[in-house]
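Coordinates from query13.cif are shown below (mmCIF, C-alpha atoms).
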```cif
data_query
loop_
_atom_site.label_atom_id
_atom_site.label_comp_id
_atom_site.auth_asym_id
_atom_site.auth_seq_id
_atom_site.Cartn_x
_atom_site.Cartn_y
_atom_site.Cartn_z
CA MET A 1 74.74 121.39 122.53
CA THR A 2 71.88 120.18 120.39
CA ASP A 3 72.79 120.39 116.75
CA SER A 4 69.40 120.32 115.11
CA PRO A 5 66.37 122.59 115.24
CA ASP A 6 64.02 119.60 115.40
CA GLU A 7 61.69 121.29 117.87
CA PRO A 8 60.74 124.76 116.65
CA GLU A 9 59.63 125.90 120.12
CA ASN A 10 63.18 125.41 121.31
CA LEU A 11 64.69 127.28 118.41
CA GLN A 12 65.11 130.52 120.32
CA ASP A 13 66.92 128.74 123.15
CA LEU A 14 69.08 126.89 120.65
CA LEU A 15 70.08 130.13 118.95
CA LEU A 16 70.78 131.80 122.29
CA ALA A 17 73.05 128.89 123.19
CA TYR A 18 75.07 129.55 120.03
CA ALA A 19 75.45 133.24 120.82
CA PRO A 20 78.75 133.13 122.78
CA ARG A 21 80.53 131.02 120.16
CA VAL A 22 79.22 133.03 117.25
CA TYR A 23 80.25 136.19 119.07
CA GLY A 24 83.74 134.75 119.76
CA LEU A 25 84.23 133.97 116.08
CA LEU A 26 82.97 137.38 114.99
CA LEU A 27 85.05 139.25 117.56
CA ARG A 28 88.20 137.58 116.25
CA MET A 29 87.21 138.41 112.71
CA VAL A 30 86.17 142.03 113.05
CA GLY A 31 88.19 142.98 116.13
CA ARG A 32 85.59 145.25 117.76
CA ARG A 33 83.36 144.21 120.59
CA GLU A 34 80.34 146.33 119.71
CA VAL A 35 80.51 145.37 116.03
CA ALA A 36 80.83 141.68 116.94
CA GLU A 37 77.78 141.96 119.19
CA ASP A 38 75.73 143.58 116.44
CA LEU A 39 76.81 141.02 113.85
CA MET A 40 76.13 138.16 116.27
CA GLN A 41 72.57 139.42 116.74
CA GLU A 42 72.06 139.85 113.00
CA THR A 43 73.44 136.35 112.36
CA LEU A 44 71.10 134.64 114.79
CA LEU A 45 68.07 136.72 113.76
CA ARG A 46 68.75 135.86 110.14
CA ALA A 47 68.98 132.19 111.08
CA PHE A 48 65.64 132.49 112.88
CA ARG A 49 63.96 134.23 109.95
CA GLY A 50 65.52 132.03 107.32
CA LEU A 51 65.03 128.64 108.89
CA ASP A 52 63.27 127.54 105.70
CA ALA A 53 66.60 127.81 103.89
CA TYR A 54 68.23 125.34 106.27
CA ARG A 55 68.63 121.88 104.77
CA PRO A 56 68.68 119.10 107.37
CA GLU A 57 71.37 117.15 105.49
CA GLY A 58 73.91 119.73 106.61
CA LYS A 59 74.74 120.39 110.24
CA PHE A 60 72.80 123.21 111.85
CA ARG A 61 75.99 124.53 113.42
CA ALA A 62 77.75 124.68 110.04
CA TRP A 63 74.80 126.62 108.65
CA ILE A 64 74.85 129.14 111.54
CA PHE A 65 78.58 129.74 111.18
CA HIS A 66 78.22 130.05 107.44
CA ILE A 67 75.80 132.95 108.03
CA ALA A 68 78.17 134.46 110.62
CA LEU A 69 81.08 134.29 108.19
CA ASN A 70 79.08 136.07 105.53
CA GLN A 71 78.10 138.77 108.00
CA ALA A 72 81.73 139.33 108.99
CA ARG A 73 82.94 139.33 105.39
CA ASP A 74 80.32 141.86 104.39
CA TRP A 75 81.31 144.13 107.27
CA ILE A 76 85.02 143.84 106.48
CA ARG A 77 84.30 144.58 102.83
CA ARG A 78 82.29 147.63 103.80
CA GLN A 79 85.15 148.84 105.96
CA GLN A 80 87.66 148.16 103.16
CA ARG A 81 90.31 147.16 105.65
CA ARG A 82 91.74 144.20 107.48
CA PRO A 83 90.22 143.39 110.85
CA LEU A 84 91.61 145.24 113.78
CA VAL A 85 93.35 143.61 116.70
CA SER A 86 90.64 142.54 119.09
CA ASP A 87 89.59 144.63 122.05
CA GLY A 88 90.37 141.52 124.08
CA PRO A 89 89.02 140.61 127.48
CA PRO A 90 89.38 142.73 130.56
CA PRO A 91 92.01 141.32 132.92
CA ALA A 92 90.57 138.98 135.52
CA ALA A 93 89.91 140.76 138.79
CA ASP A 94 91.71 138.18 140.93
CA ALA A 95 94.75 137.78 138.68
CA PRO A 96 97.96 139.24 140.01
CA PRO A 97 98.84 142.38 138.04
CA GLU A 98 102.11 140.95 136.75
CA GLY A 99 100.47 137.73 135.50
CA ALA A 100 97.66 139.72 133.90
CA ALA A 101 100.17 141.87 132.06
CA ILE A 102 101.95 138.80 130.70
CA ALA A 103 98.63 137.25 129.63
CA ARG A 104 97.60 140.48 127.88
CA GLU A 105 100.90 140.65 126.05
CA ARG A 106 100.56 137.02 124.94
CA ASP A 107 97.01 137.64 123.70
CA ARG A 108 98.12 140.74 121.84
CA ARG A 109 100.82 138.75 120.02
CA ILE A 110 98.42 135.96 119.14
CA GLN A 111 95.85 138.40 117.86
CA GLN A 112 98.43 140.15 115.74
CA ALA A 113 99.52 136.80 114.32
CA LEU A 114 95.90 135.93 113.51
CA ALA A 115 95.40 139.31 111.86
CA ARG A 116 98.41 138.65 109.62
CA LEU A 117 96.95 135.38 108.27
CA SER A 118 95.06 135.47 105.01
CA GLU A 119 91.33 135.87 105.56
CA PRO A 120 90.39 132.31 104.49
CA ASP A 121 93.16 130.74 106.60
CA ARG A 122 92.11 132.75 109.64
CA GLU A 123 88.46 131.83 109.11
CA VAL A 124 89.27 128.12 109.11
CA LEU A 125 91.10 128.33 112.43
CA LEU A 126 88.43 130.48 114.02
CA MET A 127 85.64 128.17 112.87
CA ARG A 128 87.52 125.20 114.29
CA TYR A 129 87.96 126.75 117.70
CA TYR A 130 85.06 129.13 118.20
CA GLY A 131 82.60 127.07 116.20
CA ASP A 132 83.85 123.83 117.76
CA MET A 133 83.49 122.34 114.28
CA THR A 134 85.32 119.41 112.74
CA PHE A 135 87.34 120.12 109.62
CA LYS A 136 84.73 118.21 107.63
CA ASP A 137 82.00 120.54 108.92
CA ILE A 138 84.14 123.55 108.14
CA ALA A 139 84.65 122.31 104.59
CA ARG A 140 80.87 121.95 104.25
CA ALA A 141 80.17 125.39 105.71
CA ARG A 142 82.73 127.03 103.43
CA GLY A 143 81.83 125.01 100.34
CA GLU A 144 85.45 123.92 99.90
CA PRO A 145 87.03 120.46 99.54
CA LEU A 146 88.34 118.97 102.79
CA GLY A 147 91.90 118.97 101.40
CA THR A 148 91.76 122.72 100.80
CA VAL A 149 90.54 123.36 104.34
CA LEU A 150 93.27 121.13 105.80
CA ALA A 151 95.93 122.92 103.74
CA ARG A 152 94.68 126.25 105.09
CA ALA A 153 94.73 124.93 108.65
CA HIS A 154 98.22 123.48 108.20
CA ARG A 155 99.63 126.75 106.92
CA ALA A 156 97.95 128.81 109.63
CA LEU A 157 98.81 126.48 112.53
CA LYS A 158 102.46 126.37 111.54
CA LYS A 159 102.61 130.15 111.61
CA LEU A 160 100.94 130.29 115.00
CA GLY A 161 103.08 127.41 116.28
CA GLY A 162 106.23 129.30 115.44
CA LEU A 163 104.97 132.47 117.09
CA ILE A 164 105.65 131.78 120.72
CA PRO A 165 108.58 129.73 122.02
CA GLU A 166 107.58 126.64 123.97
CA ASP A 167 108.88 127.98 127.29
CA ASP A 168 106.90 131.21 126.89
CA ARG A 169 103.51 129.64 127.57
CA MET B 1 104.76 103.04 106.26
CA THR B 2 108.09 104.25 104.86
CA ARG B 3 107.14 107.49 103.11
CA CYS B 4 106.18 110.50 105.22
CA PRO B 5 102.42 111.18 105.22
CA GLU B 6 100.95 114.30 103.64
CA PRO B 7 101.39 117.28 106.00
CA THR B 8 97.64 117.83 106.05
CA GLU B 9 97.18 114.39 107.61
CA TRP B 10 99.09 115.65 110.64
CA VAL B 11 96.49 118.41 111.00
CA LEU B 12 93.72 115.84 111.32
CA TYR B 13 95.87 113.76 113.65
CA ALA B 14 96.78 116.70 115.91
CA ALA B 15 93.13 117.78 116.06
CA GLY B 16 92.05 114.26 117.07
CA GLU B 17 89.97 113.75 113.93
CA MET B 18 91.96 110.97 112.26
CA PRO B 19 90.05 107.66 112.12
CA ALA B 20 91.59 104.71 113.97
CA PRO B 21 93.21 102.56 111.25
CA ARG B 22 95.07 105.47 109.70
CA ARG B 23 95.90 106.91 113.11
CA ASP B 24 97.73 103.68 113.98
CA ASP B 25 99.75 103.95 110.76
CA LEU B 26 100.72 107.52 111.58
CA GLU B 27 101.78 106.61 115.10
CA GLY B 28 103.93 103.81 113.73
CA HIS B 29 105.58 106.30 111.39
CA LEU B 30 106.09 108.88 114.14
CA ALA B 31 108.14 106.42 116.16
CA ARG B 32 110.70 106.30 113.34
CA CYS B 33 110.65 109.81 111.82
CA ASP B 34 112.22 112.85 113.50
CA ALA B 35 110.99 115.25 110.79
CA CYS B 36 107.34 114.26 111.26
CA ARG B 37 107.68 114.48 115.06
CA ARG B 38 108.93 118.06 114.64
CA GLU B 39 106.08 118.82 112.22
CA LEU B 40 103.50 117.47 114.64
CA ARG B 41 105.04 119.35 117.58
CA ARG B 42 104.77 122.63 115.73
CA LEU B 43 101.17 122.03 114.69
CA ARG B 44 100.29 121.19 118.28
CA ARG B 45 101.91 124.40 119.47
CA GLY B 46 99.69 126.24 116.99
CA LEU B 47 96.62 124.50 118.39
CA GLU B 48 97.63 125.25 121.97
CA THR B 49 98.21 128.87 121.08
CA LEU B 50 94.70 129.13 119.70
CA GLU B 51 93.21 127.38 122.70
CA ALA B 52 94.98 129.82 124.99
CA LEU B 53 93.09 132.57 123.22
CA GLU B 54 89.77 130.77 123.23
CA ALA B 55 88.69 131.72 126.73
CA ALA B 56 89.32 135.36 125.97
CA PRO B 57 86.11 137.01 124.77
CA PRO B 58 83.21 137.03 127.21
CA LEU B 59 79.86 137.99 125.75
CA ARG B 60 78.26 140.78 127.75
CA PRO B 61 75.00 139.68 129.43
CA GLU B 62 73.29 142.81 128.07
CA ALA B 63 74.06 141.70 124.50
CA LEU B 64 72.57 138.28 125.19
CA GLU B 65 69.49 139.88 126.74
CA THR B 66 69.05 142.12 123.70
CA LEU B 67 69.22 139.08 121.46
CA ARG B 68 66.67 137.28 123.60
CA ARG B 69 64.24 140.20 123.30
CA ARG B 70 64.74 140.53 119.55
CA LEU B 71 64.18 136.82 118.98
CA ALA B 72 61.03 136.88 121.10
CA ALA B 73 59.73 139.94 119.21
CA GLU B 74 60.45 138.24 115.89
CA ALA B 75 58.63 135.10 117.05
CA ARG B 76 55.59 137.21 118.06
CA ARG B 77 55.57 138.97 114.70
CA ARG B 78 55.63 135.66 112.89
CA ALA B 79 52.87 134.23 115.05
CA GLU B 80 50.65 137.29 114.52
CA ARG B 81 51.21 137.48 110.79
CA ARG B 82 49.60 134.14 109.90
CA PRO B 83 46.17 134.25 111.61
CA ARG B 84 45.63 137.94 110.71
CA ARG B 85 46.00 137.11 107.03
CA ARG B 86 43.16 134.59 107.27
CA ARG B 87 40.77 136.98 109.04
CA HIS B 88 41.42 140.03 106.91
CA PRO B 89 38.09 141.54 105.70
CA LEU B 90 39.57 142.43 102.32
CA ARG B 91 40.95 138.96 101.70
CA TRP B 92 38.77 138.68 98.53
CA ILE B 93 41.13 141.19 96.91
CA GLY B 94 43.87 138.59 96.98
CA ALA B 95 41.58 135.95 95.50
CA ALA B 96 40.42 138.33 92.77
CA ALA B 97 44.01 139.20 91.94
CA ALA B 98 44.92 135.51 91.74
CA ALA B 99 41.95 134.86 89.40
CA ALA B 100 43.02 137.76 87.20
CA VAL B 101 46.54 136.36 86.97
CA VAL B 102 45.20 132.94 85.98
CA ALA B 103 42.91 134.49 83.31
CA LEU B 104 45.78 136.52 81.94
CA ALA B 105 47.99 133.45 81.83
CA VAL B 106 45.32 131.54 79.86
CA LEU B 107 45.06 134.39 77.36
CA LEU B 108 48.78 134.69 76.95
CA VAL B 109 49.63 131.02 76.58
CA PRO B 110 50.04 130.28 72.85
CA GLU B 111 47.82 127.66 71.28
CA PRO B 112 49.50 124.33 70.61
CA GLN B 113 50.91 124.17 67.09
CA GLN B 114 49.22 121.93 64.51
CA PRO B 115 51.33 118.92 63.50
CA VAL B 116 53.07 119.30 60.14
CA TRP B 117 51.97 116.50 57.83
CA PRO B 118 54.14 115.25 54.96
CA ASP B 119 52.82 115.91 51.48
CA GLN B 120 51.02 113.23 49.49
CA GLU B 121 54.01 112.33 47.30
CA GLN B 122 56.13 111.61 50.29
CA VAL B 123 53.42 109.40 51.81
CA ASP B 124 53.03 107.44 48.55
CA ALA B 125 56.76 106.90 48.32
CA GLU B 126 56.92 105.54 51.84
CA ILE B 127 53.97 103.20 51.21
CA ALA B 128 55.64 101.86 48.09
CA GLU B 129 58.86 101.24 50.01
CA ILE B 130 57.03 99.36 52.76
CA ALA B 131 55.16 97.25 50.18
CA ALA B 132 58.40 96.32 48.47
CA THR B 133 59.92 95.27 51.77
CA LEU B 134 56.91 93.10 52.56
CA ASP B 135 57.21 91.40 49.16
CA LEU B 136 60.81 90.58 49.87
CA LEU B 137 59.94 89.14 53.25
CA GLU B 138 57.20 87.00 51.76
CA SER B 139 59.48 85.45 49.18
CA ASP B 140 62.15 84.73 51.82
CA THR B 141 59.82 83.15 54.28
CA ALA B 142 58.31 80.89 51.60
CA ALA B 143 61.63 79.04 51.46
CA VAL B 144 61.68 78.31 55.16
CA ALA B 145 59.94 75.20 56.45
CA TRP B 146 57.96 76.53 59.36
CA THR B 147 57.09 73.73 61.79
CA PHE B 148 55.13 75.69 64.26
CA GLU B 149 52.86 73.42 66.26
CA PRO B 150 50.08 75.09 68.17
CA GLN B 151 50.15 74.16 71.81
CA ASP B 152 47.36 71.92 73.01
CA GLU B 153 45.76 74.08 75.68
CA SER B 154 44.00 71.07 77.16
CA ALA B 155 47.27 69.21 77.77
CA PRO B 156 48.21 68.84 81.45
CA LEU B 157 50.94 71.14 82.78
CA GLU B 158 52.79 68.26 84.39
CA THR B 159 55.55 66.80 82.33
CA PRO B 160 56.92 63.28 82.57
CA PRO B 161 59.77 62.88 85.05
CA GLY B 162 63.14 63.91 83.61
CA GLN B 163 61.65 65.95 80.81
CA SER B 164 61.27 69.70 80.74
CA ARG B 165 58.06 71.28 79.60
CA TYR B 166 60.20 73.55 77.43
CA GLY B 167 62.36 70.89 75.86
CA PRO B 168 64.51 67.87 76.57
CA ALA B 169 66.42 67.97 79.85
CA ASP B 170 69.62 66.90 78.13
CA GLY B 171 69.95 70.28 76.45
CA GLY B 172 68.85 69.14 73.00
CA THR B 173 67.15 71.49 70.53
CA ARG B 174 63.72 72.63 71.37
CA HIS B 175 62.35 72.96 67.90
CA GLY B 176 61.77 69.95 65.86
#
```
Could you spell out this file's structure in structure tokens?
Amino acid sequence: MTDSPDEPENLQDLLLAYAPRVYGLLLRMVGRREVAEDLMQETLLRAFRGLDAYRPEGKFRAWIFHIALNQARDWIRRQQRRPLVSDGPPPAADAPPEGAAIARERDRRIQQALARLSEPDREVLLMRYYGDMTFKDIARARGEPLGTVLARAHRALKKLGGLIPEDDR
Amino acid sequence: MTRCPEPTEWVLYAAGEMPAPRRDDLEGHLARCDACRRELRRLRRGLETLEALEAAPPLRPEALETLRRRLAAEARRRAERRPRRRRHPLRWIGAAAAAAVVALAVLLVPEPQQPVWPDQEQVDAEIAEIAATLDLLESDTAAVAWTFEPQDESAPLETPPGQSRYGPADGGTRHG
């Protein structure tokens, strides 16, 4: 994926290409599909309108996810509650029912574990995996020192790592 | 490496973001340290758990289509806004308003303040002090044998071999 809006005519395509990842991050943060879709659209429209605020020394991706994070935080603040457990994906049509049930149960446990993390720790993990960002980029997007971001990731990964026994996956 | 690395270094290592020289150090340590191997295993389980979740949320095509339409509409609005502003028949109103703002700014800007001069007594005192200093300098310099020799402008720039134009090459004093 291109990581710079060098050609303005391609900006719409570039933003559309970010949509699934931004949506994935937002869905994990707010836990509701329709809310995540709305926030994803607001994020990318804001990026489009506010391109003048983007500074080329930072990565475009970090800037986009910074906007997405702010959108999600504002929504959570307005709701005055922790994010809900995600709606999750529908089971795959060709998956055997038993396997699908196991996968759903595993997802539910992971989502609950994510929901129990502190908001900043959860954000770091979600940015790493839905934003496909390095920890350095995450530190830049969050305006935090790299050491702080790594400490958050360490704490959160250890909790997730202890969640499911090795033979359960 | 004998001491265990910082736990956060294992995060970078597990995520594949540790640069090569340090990565080699960590791998050397791992071969000897059970505790760090356990730490790394647990972090990797955390990463795998997250990755298992990653494929989960599909974005509905309708949501993507809505975004596409909204972006296109926004682009059209932006494109229309600029030329219309130039062709607007009442554009002189903007110019008149700008002129009024400039005029107002000129009226409101305070005039530069006049410099504050010292009074005559103070000036006289300072002149007297300077004169006294000059007298002192004159009496001091009278005791010094000045041997300034004006340079002969017509003299050639070349200097004899082994002799600097600015003084003897052996590091002797320049002034006679």
Nearest to B:Thr8: which of B:Glu39, B:Leu30, B:Ala52, B:Glu65 is it, counting all atoms listed in the file?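 Looking at the shortest contact to B:Thr8, the residue is B:Glu39.
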Would you write out, as number ranges by chain, every residue that the PyMOL selection byres ((chain A) within 9 of (chain B)) captures in this file? A: 12-13, 15-16, 19-21, 23-24, 27-28, 33, 37-38, 40-42, 44-45, 48-49, 87-90, 106-107, 110-111, 125-126, 129-130, 134-135, 147, 150-154, 156-166, 169
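Using the PyMOL selection byres ((chain A and resi 136) around 12) on this structure selects A:Gly58, A:Lys59, A:Ala62, A:Val124, A:Met127, A:Arg128, A:Asp132, A:Met133, A:Thr134, A:Phe135, A:Asp137, A:Ile138, A:Ala139, A:Arg140, A:Ala141, A:Arg142, A:Gly143, A:Glu144, A:Pro145, A:Leu146, A:Gly147, A:Thr148, A:Val149, A:Leu150, B:Leu12, B:Ala15, B:Glu17, B:Met18.
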Could you list, as a ChimeraX atom specification, every residue matched by the PyMOL selection byres ((chain A and resi 119) around 12) in this structure? /A:28-30,69,72-73,76-77,81-83,114-118,120-126,152-153,156
Using atom CA of A:Gln112 and atom CA of B:Cys36 as the two end points, give the distance in Å to one decimal. 27.7 Å
